[in-house]
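Down below is the structure, laid out as structure tokens.
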Number of protein chains: 2
Amino acid sequence: MHEKDPRMLFEVFKEIGIIEQLSRAQLEARLPDGLIAPHFAVLNHLINRGDGAVPIDMARAFQVPKTSMTHTLKGLAAKGYVAFRDNPKDGRSKTVWLTQKGRDLRERTIRDLAPVFGDLMGEIDHEALIGILPTLVRLREVMDAARD
Amino acid sequence: MHEKDPRMLFEVFKEIGIIEQLSRAQLEARLPDGLIAPHFAVLNHLINRGDGAVPIDMARAFQVPKTSMTHTLKGLAAKGYVAFRDNPKDGRSKTVWLTQKGRDLRERTIRDLAPVFGDLMGEIDHEALIGILPTLVRLREVMDAARD
DNA sequence: CTTGAATGGTGCGATTTCGTACTATATAAA
DNA sequence: TTTATATAGTACGAAATCGCACCATTCAAG
């Protein structure tokens with residue numbers, strides 16, 4: 001009935017690529033100044049994982065080169081959304097801390113996105129949406145483990 | 001049982017973002033020279049939809065600005081993967097044609113990806129993978145229609 | 001303790017993305 | 001036909017991504 005055809009995965013990745021692009025556009029349309037998706041991802045990460053993260057760890061978490069993380073953090077710091085402090089445990093590195101402005105922006109952006117997400121949820125079968133999440137997580141985990 | 005929580009969509013988009021990044025990395029690791037994912041997407045598009053496409057239509061298909069498409073096509077043409085011809089129906093535009101080199105690269109890349117995809121398929125429940133595709137397509141369609 | 005290797009961070013340059021402005025051509029209106 | 005409006009494409013510049021090279025600090029071997 002269902003062949004094990006790698007082309008199926010190809011289709012899945014194609015759809016995922018398009019959805020990523022569209023969701024990123026929705027997010028960035030609601031960000032101020034010159035902020036883009038990676039900036040928001042950093043703010044969100046600092047909320048979820050807690051303040052005081054080390055840049056190199058964040059680069060690894062997002063799987064981007066450390067130079068990219070340096071650049072993203074520099075942008076956030078220049079606009080006052082995060083601040084740096086020394087890392088008492090390692091003189092080579094810094095720690096990154098959210099400012100109140102950073103927290104406010106993250107909350108406001110999520111609030112602005114809520115109605116958009118609500119509309120989407122209204123047009124898609126809810127059970128189906130719930131159903132895909134575990135498979136996406138599984139796929140992400142397998143791919144993550146496979147990247148040598 | 002299951003609340004209609006927009007945060008669930010948030011999670012879905014987060015996983016999709018990571019998977020997109022990982023799958024793009026796998027693809028780009030198998031592309032030559034200075035070619036990246038958008039270049040391959042163009043080659044693929046020309047195979048799927050047929051030769052002789054007009055750049056502005058491709059920009060719309062990929063939902064990128066036309067300046068980005070100009071740049072991508074210029075790169076492909078400079079390396080001999082595509083060639084331009086006049087558009088007999090409109091003197092303002094061109095048509096884009098695959099060269100044999102372009103066809104070969106697209107085929108070889110897919111062949112190189114097949115084992116990677118095969119390995120992934122081996123570690124994920126096949127029925128689950130098949131199950132998410134319709135929902136992803138639906139989500140993409142709804143978001144596509146919603147972008148004003 | 002001394003020394004060599006490893007690690008965190010950044011400057012720099014190449015490429016990509018994309019908004020703005022411009023040219024050439026096509027289309028619609030008068 | 002003439003004119004103005006719209007459209008396809010590109011040049012240009014700003015910002016982003018990322019590899020390479022470099023410095024400062026840490027860690028490990030002796």
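Following the order of the structure tokens, chains are lettered A, B, ..., residues in each are numbered from 1, and ligands are numbered from 1.
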For D:DC27, work out the shell of residues within 10 Å, counting only C-alpha atoms (C1' of nucleotides) and skipping chain neighbours fewer than 6 positions away, then give it as a PyMOL selection string. chain C and resi 5-7
Selection export as a CSV table (one decimal), in the first residue's frame, atoms kept: N, CA and C atoms (P, O5', C5', C4', C3', O3' and C1' of nucleotides):
```csv
chain,number,residue,atom,x,y,z
C,5,DA,P,50.7,21.8,20.3
C,5,DA,O5',49.2,21.6,20.7
C,5,DA,C5',48.9,20.5,21.6
C,5,DA,C4',47.5,20.6,22.1
C,5,DA,C3',46.5,20.9,21.0
C,5,DA,O3',45.3,20.1,21.2
C,5,DA,C1',46.4,22.5,22.8
C,6,DA,P,44.0,20.2,20.3
C,6,DA,O5',43.0,21.0,21.1
C,6,DA,C5',42.7,20.5,22.4
C,6,DA,C4',41.7,21.5,23.1
C,6,DA,C3',40.5,21.9,22.2
C,6,DA,O3',39.3,21.7,23.0
C,6,DA,C1',41.6,23.8,23.1
C,7,DT,P,37.9,22.1,22.3
C,7,DT,O5',37.6,23.5,22.9
C,7,DT,C5',37.6,23.7,24.3
C,7,DT,C4',37.3,25.2,24.6
C,7,DT,C3',36.1,25.7,23.8
C,7,DT,O3',35.2,26.4,24.6
C,7,DT,C1',38.0,27.2,23.6
```
All residues 10 Å or closer to B:Glu123, only C-alpha atoms (C1' of nucleotides), same chain fewer than 4 positions away omitted, as a compact mmCIF listing (two decimals) with C-alpha atoms, in the first residue's frame:
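Heads up, here's the output in around.txt:
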```txt
# COMPACT_ATOMS: atom_id res chain seq x y z
CA ARG A 138 10.61 12.84 16.53
CA LEU A 139 11.83 13.93 13.09
CA VAL A 142 16.43 12.00 14.64
CA MET A 143 17.86 14.62 12.30
CA GLY B 118 16.54 6.43 3.55
CA ASP B 119 18.34 6.35 6.88
```
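Residues in contact with D:DT10 at up to 12 Å, not including ones fewer than 5 positions away on its chain and judged by only C-alpha atoms (C1' of nucleotides), are Lys66, Thr67, Ser68, Met69, Thr70, His71, Lys74, Arg92 and Ser93 of chain B; DA21, DC22, DT23 and DA24 of chain C.
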For the selection just defined, write its residues with C-alpha atoms (C1' of nucleotides) to a file, as a PDB file, in the first residue's frame.
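So the final result, stored in part.pdb, reads:
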```
ATOM      1  CA  LYS B  66      12.078  39.732  -7.613  1.00  0.00           C
ATOM      2  CA  THR B  67      15.483  41.199  -6.805  1.00  0.00           C
ATOM      3  CA  SER B  68      16.331  38.035  -4.899  1.00  0.00           C
ATOM      4  CA  MET B  69      15.289  35.899  -7.846  1.00  0.00           C
ATOM      5  CA  THR B  70      17.418  38.016 -10.196  1.00  0.00           C
ATOM      6  CA  HIS B  71      20.392  37.377  -7.945  1.00  0.00           C
ATOM      7  CA  LYS B  74      22.426  35.291 -12.118  1.00  0.00           C
ATOM      8  CA  ARG B  92      10.344  43.111 -20.871  1.00  0.00           C
ATOM      9  CA  SER B  93      11.075  39.655 -19.602  1.00  0.00           C
TER      10      SER B  93
ATOM     11  C1'  DA C  21      14.907  53.662  -7.364  1.00  0.00           C
ATOM     12  C1'  DC C  22      15.384  53.454 -12.162  1.00  0.00           C
ATOM     13  C1'  DT C  23      14.879  51.840 -17.259  1.00  0.00           C
ATOM     14  C1'  DA C  24      12.420  49.522 -20.876  1.00  0.00           C
TER      15       DA C  24
END
```
Write out as a ChimeraX atom specification every residue belonging to chain C that has an atom at most 10 Å from any atom of chain B, counting only C-alpha atoms (C1' of nucleotides). /C:15-19,24-26
Next, the residues of the selection above should be written as a PDB file, in the first residue's frame with N, CA and C atoms (P, O5', C5', C4', C3', O3' and C1' of nucleotides).
```pdb
ATOM      1  P    DT C  15      32.159  35.915  -3.443  1.00  0.00           P
ATOM      2  O5'  DT C  15      30.707  35.623  -2.850  1.00  0.00           O
ATOM      3  C5'  DT C  15      30.484  34.431  -2.117  1.00  0.00           C
ATOM      4  C4'  DT C  15      29.123  34.453  -1.474  1.00  0.00           C
ATOM      5  C3'  DT C  15      27.969  34.785  -2.435  1.00  0.00           C
ATOM      6  O3'  DT C  15      26.999  33.752  -2.360  1.00  0.00           O
ATOM      7  C1'  DT C  15      27.838  36.085  -0.465  1.00  0.00           C
ATOM      8  P    DT C  16      25.665  33.783  -3.217  1.00  0.00           P
ATOM      9  O5'  DT C  16      24.569  34.273  -2.160  1.00  0.00           O
ATOM     10  C5'  DT C  16      24.429  33.569  -0.935  1.00  0.00           C
ATOM     11  C4'  DT C  16      23.336  34.198  -0.101  1.00  0.00           C
ATOM     12  C3'  DT C  16      22.045  34.507  -0.866  1.00  0.00           C
ATOM     13  O3'  DT C  16      20.942  34.003  -0.126  1.00  0.00           O
ATOM     14  C1'  DT C  16      22.800  36.431   0.290  1.00  0.00           C
ATOM     15  P    DT C  17      19.466  34.018  -0.727  1.00  0.00           P
ATOM     16  O5'  DT C  17      18.791  35.290  -0.044  1.00  0.00           O
ATOM     17  C5'  DT C  17      18.733  35.359   1.362  1.00  0.00           C
ATOM     18  C4'  DT C  17      18.165  36.697   1.771  1.00  0.00           C
ATOM     19  C3'  DT C  17      16.910  37.115   0.990  1.00  0.00           C
ATOM     20  O3'  DT C  17      15.899  37.435   1.928  1.00  0.00           O
ATOM     21  C1'  DT C  17      18.493  38.865   1.029  1.00  0.00           C
ATOM     22  P    DC C  18      14.383  37.646   1.443  1.00  0.00           P
ATOM     23  O5'  DC C  18      14.304  39.223   1.252  1.00  0.00           O
ATOM     24  C5'  DC C  18      14.639  40.080   2.338  1.00  0.00           C
ATOM     25  C4'  DC C  18      14.727  41.500   1.858  1.00  0.00           C
ATOM     26  C3'  DC C  18      13.630  41.906   0.859  1.00  0.00           C
ATOM     27  O3'  DC C  18      13.126  43.159   1.240  1.00  0.00           O
ATOM     28  C1'  DC C  18      15.711  42.539   0.067  1.00  0.00           C
ATOM     29  P    DG C  19      11.580  43.537   1.046  1.00  0.00           P
ATOM     30  O5'  DG C  19      11.588  45.128   1.212  1.00  0.00           O
ATOM     31  C5'  DG C  19      12.297  45.728   2.291  1.00  0.00           C
ATOM     32  C4'  DG C  19      12.854  47.072   1.875  1.00  0.00           C
ATOM     33  C3'  DG C  19      11.915  47.904   0.996  1.00  0.00           C
ATOM     34  O3'  DG C  19      11.939  49.262   1.428  1.00  0.00           O
ATOM     35  C1'  DG C  19      13.968  47.548  -0.141  1.00  0.00           C
ATOM     36  P    DA C  24      16.204  52.935 -21.099  1.00  0.00           P
ATOM     37  O5'  DA C  24      15.231  51.688 -21.353  1.00  0.00           O
ATOM     38  C5'  DA C  24      15.766  50.374 -21.279  1.00  0.00           C
ATOM     39  C4'  DA C  24      14.661  49.370 -21.520  1.00  0.00           C
ATOM     40  C3'  DA C  24      13.819  49.644 -22.767  1.00  0.00           C
ATOM     41  O3'  DA C  24      13.609  48.428 -23.464  1.00  0.00           O
ATOM     42  C1'  DA C  24      12.420  49.522 -20.876  1.00  0.00           C
ATOM     43  P    DT C  25      12.881  48.444 -24.898  1.00  0.00           P
ATOM     44  O5'  DT C  25      11.451  47.813 -24.563  1.00  0.00           O
ATOM     45  C5'  DT C  25      11.405  46.549 -23.930  1.00  0.00           C
ATOM     46  C4'  DT C  25      10.021  46.325 -23.394  1.00  0.00           C
ATOM     47  C3'  DT C  25       8.909  46.403 -24.437  1.00  0.00           C
ATOM     48  O3'  DT C  25       8.296  45.123 -24.517  1.00  0.00           O
ATOM     49  C1'  DT C  25       8.330  47.540 -22.442  1.00  0.00           C
ATOM     50  P    DA C  26       7.054  44.840 -25.531  1.00  0.00           P
ATOM     51  O5'  DA C  26       5.782  45.037 -24.587  1.00  0.00           O
ATOM     52  C5'  DA C  26       5.667  44.212 -23.449  1.00  0.00           C
ATOM     53  C4'  DA C  26       4.434  44.586 -22.644  1.00  0.00           C
ATOM     54  C3'  DA C  26       3.122  44.584 -23.436  1.00  0.00           C
ATOM     55  O3'  DA C  26       2.165  43.902 -22.651  1.00  0.00           O
ATOM     56  C1'  DA C  26       3.386  46.651 -22.349  1.00  0.00           C
TER      57       DA C  26
END
```
Measuring between only C-alpha atoms (C1' of nucleotides), which one of D:DA4, D:DA28, D:DC12, D:DC20 shows the shortest distance to chain B?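 Between D:DA4, D:DA28, D:DC12, D:DC20, the residue approaching chain B most closely is D:DC12.
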Test item: residues at most 12 Å from stretch 94-106 of chain A, only C-alpha atoms (C1' of nucleotides), excluding those fewer than 4 positions along its chain, as number ranges by chain: A: 27, 30-33, 35, 37, 39-58, 69-70, 72-74, 76-90, 110-113; C: 8-9
Select residues of chain B: the criterion is any atom within 8 Å of an atom of chain A, counting only C-alpha atoms; output as a ChimeraX atom specification. /B:4,6,8-9,11-13,15-20,22-23,114,117-118,120-121,123-124,126,128-133,135-140,142-144
Selected residues written out, N, CA and C atoms, as a short mmCIF file (atom, residue, chain, number, x, y, z; two decimals), in the first residue's frame:
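Output contents, as saved in part18.cif:
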```cif
data_model
loop_
_atom_site.label_atom_id
_atom_site.label_comp_id
_atom_site.auth_asym_id
_atom_site.auth_seq_id
_atom_site.Cartn_x
_atom_site.Cartn_y
_atom_site.Cartn_z
N LYS B 4 -7.93 24.69 22.83
CA LYS B 4 -7.47 25.33 21.60
C LYS B 4 -6.47 26.41 21.96
N PRO B 6 -3.22 28.60 21.21
CA PRO B 6 -2.32 29.06 20.14
C PRO B 6 -0.86 28.68 20.41
N MET B 8 0.22 25.92 21.05
CA MET B 8 0.50 24.66 20.37
C MET B 8 1.05 24.96 18.98
N LEU B 9 0.43 25.91 18.29
CA LEU B 9 0.94 26.31 16.97
C LEU B 9 2.35 26.85 17.09
N GLU B 11 4.60 25.96 19.14
CA GLU B 11 5.50 24.80 19.22
C GLU B 11 5.70 24.18 17.85
N VAL B 12 4.61 24.04 17.11
CA VAL B 12 4.70 23.46 15.77
C VAL B 12 5.67 24.27 14.91
N PHE B 13 5.53 25.58 14.94
CA PHE B 13 6.40 26.44 14.13
C PHE B 13 7.84 26.35 14.59
N GLU B 15 9.36 23.70 15.93
CA GLU B 15 9.91 22.44 15.40
C GLU B 15 10.15 22.54 13.90
N ILE B 16 9.20 23.14 13.21
CA ILE B 16 9.33 23.28 11.75
C ILE B 16 10.55 24.13 11.41
N GLY B 17 10.78 25.17 12.19
CA GLY B 17 11.94 26.02 11.95
C GLY B 17 13.24 25.25 12.08
N ILE B 18 13.31 24.40 13.11
CA ILE B 18 14.54 23.63 13.32
C ILE B 18 14.73 22.60 12.22
N ILE B 19 13.64 21.91 11.88
CA ILE B 19 13.73 20.89 10.82
C ILE B 19 14.14 21.53 9.50
N GLU B 20 13.59 22.69 9.23
CA GLU B 20 13.95 23.38 7.98
C GLU B 20 15.44 23.64 7.95
N LEU B 22 17.86 22.09 9.59
CA LEU B 22 18.64 20.86 9.48
C LEU B 22 18.57 20.27 8.07
N SER B 23 17.38 20.28 7.48
CA SER B 23 17.25 19.70 6.14
C SER B 23 18.00 20.56 5.12
N ALA B 114 19.37 10.59 -1.40
CA ALA B 114 18.53 9.40 -1.19
C ALA B 114 18.96 8.56 0.01
N PHE B 117 18.08 10.26 3.27
CA PHE B 117 16.63 10.19 3.51
C PHE B 117 16.23 8.76 3.89
N GLY B 118 16.84 7.81 3.23
CA GLY B 118 16.54 6.43 3.55
C GLY B 118 16.83 6.11 5.00
N LEU B 120 16.90 8.19 7.48
CA LEU B 120 15.91 8.87 8.32
C LEU B 120 14.61 8.08 8.36
N MET B 121 14.18 7.64 7.18
CA MET B 121 12.93 6.88 7.11
C MET B 121 13.00 5.62 7.96
N GLU B 123 14.29 5.31 10.77
CA GLU B 123 14.23 5.58 12.22
C GLU B 123 12.93 6.23 12.64
N ILE B 124 12.04 6.42 11.69
CA ILE B 124 10.78 7.08 12.02
C ILE B 124 9.62 6.21 11.57
N HIS B 126 6.76 4.94 9.79
CA HIS B 126 6.42 5.33 8.43
C HIS B 126 4.99 5.86 8.32
N ALA B 128 3.30 7.35 10.58
CA ALA B 128 3.23 8.68 11.19
C ALA B 128 3.70 9.74 10.21
N LEU B 129 4.78 9.41 9.49
CA LEU B 129 5.33 10.35 8.52
C LEU B 129 4.33 10.63 7.41
N ILE B 130 3.70 9.57 6.94
CA ILE B 130 2.67 9.74 5.92
C ILE B 130 1.52 10.56 6.46
N GLY B 131 1.24 10.36 7.74
CA GLY B 131 0.09 11.03 8.33
C GLY B 131 0.22 12.53 8.43
N ILE B 132 1.46 13.02 8.60
CA ILE B 132 1.59 14.47 8.81
C ILE B 132 1.51 15.26 7.51
N LEU B 133 1.77 14.60 6.38
CA LEU B 133 1.85 15.35 5.13
C LEU B 133 0.57 16.12 4.79
N THR B 135 -1.71 17.30 6.72
CA THR B 135 -1.89 18.43 7.64
C THR B 135 -0.90 19.55 7.32
N LEU B 136 0.33 19.18 6.96
CA LEU B 136 1.30 20.20 6.57
C LEU B 136 0.82 20.93 5.32
N VAL B 137 0.31 20.17 4.37
CA VAL B 137 -0.20 20.80 3.14
C VAL B 137 -1.34 21.75 3.47
N ARG B 138 -2.24 21.28 4.32
CA ARG B 138 -3.38 22.11 4.71
C ARG B 138 -2.90 23.39 5.40
N LEU B 139 -1.96 23.23 6.32
CA LEU B 139 -1.44 24.39 7.05
C LEU B 139 -0.79 25.37 6.08
N ARG B 140 -0.04 24.83 5.15
CA ARG B 140 0.62 25.71 4.16
C ARG B 140 -0.41 26.45 3.34
N VAL B 142 -3.55 27.20 4.09
CA VAL B 142 -4.27 28.20 4.88
C VAL B 142 -3.40 29.44 5.09
N MET B 143 -2.12 29.22 5.43
CA MET B 143 -1.22 30.35 5.65
C MET B 143 -0.99 31.13 4.37
N ASP B 144 -0.89 30.38 3.28
CA ASP B 144 -0.67 31.01 1.99
C ASP B 144 -1.84 31.92 1.64
#
```
Could I get the residues of chain D with an atom no further than 8 Å from an atom of chain A, each paired with its nearest atom pair and that distance in Å to one decimal, using only C-alpha atoms (C1' of nucleotides), sorted by chain and residue number, as a Markdown table?
```
| residue | atom | partner | partner_atom | distance |
| --- | --- | --- | --- | --- |
| D:DT17 | C1' | A:Ser68 | CA | 6.4 |
| D:DC18 | C1' | A:Pro65 | CA | 6.7 |
| D:DA24 | C1' | A:Arg92 | CA | 6.7 |
| D:DT25 | C1' | A:Arg92 | CA | 5.2 |
| D:DT26 | C1' | A:Asp90 | CA | 7.7 |
```
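Backbone DSSP assigns alpha helix (DSSP H) in stretch 88-126 of chain B to Gln100, Lys101, Gly102, Arg103, Asp104, Leu105, Arg106, Glu107, Arg108, Thr109, Ile110, Arg111, Asp112, Leu113, Ala114, Pro115, Val116, Phe117, Gly118, Asp119, Leu120, Met121, Gly122, Glu123 and His126 of chain B.
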Export, as a short mmCIF file (atom, residue, chain, number, x, y, z; two decimals), in the first residue's frame, the selected residues with C-alpha atoms.
```cif
data_model
loop_
_atom_site.label_atom_id
_atom_site.label_comp_id
_atom_site.auth_asym_id
_atom_site.auth_seq_id
_atom_site.Cartn_x
_atom_site.Cartn_y
_atom_site.Cartn_z
CA GLN B 100 22.37 19.69 -19.35
CA LYS B 101 24.76 20.63 -16.55
CA GLY B 102 21.80 21.91 -14.57
CA ARG B 103 19.78 18.74 -15.12
CA ASP B 104 22.75 16.60 -14.15
CA LEU B 105 23.35 18.52 -10.95
CA ARG B 106 19.73 18.24 -9.89
CA GLU B 107 19.69 14.49 -10.52
CA ARG B 108 23.01 13.86 -8.85
CA THR B 109 22.00 15.87 -5.79
CA ILE B 110 18.79 13.91 -5.38
CA ARG B 111 20.74 10.69 -5.78
CA ASP B 112 23.20 11.85 -3.09
CA LEU B 113 20.36 12.69 -0.74
CA ALA B 114 18.53 9.40 -1.19
CA PRO B 115 20.63 7.37 1.29
CA VAL B 116 20.38 10.11 3.90
CA PHE B 117 16.63 10.19 3.51
CA GLY B 118 16.54 6.43 3.55
CA ASP B 119 18.34 6.35 6.88
CA LEU B 120 15.91 8.87 8.32
CA MET B 121 12.93 6.88 7.11
CA GLY B 122 14.36 3.87 8.85
CA GLU B 123 14.23 5.58 12.22
CA HIS B 126 6.42 5.33 8.43
#
```
Determine which residues of chain B DSSP labels as strand (DSSP E) from the backbone of this structure, then write them out as number ranges by chain. B: 82-86, 94-98
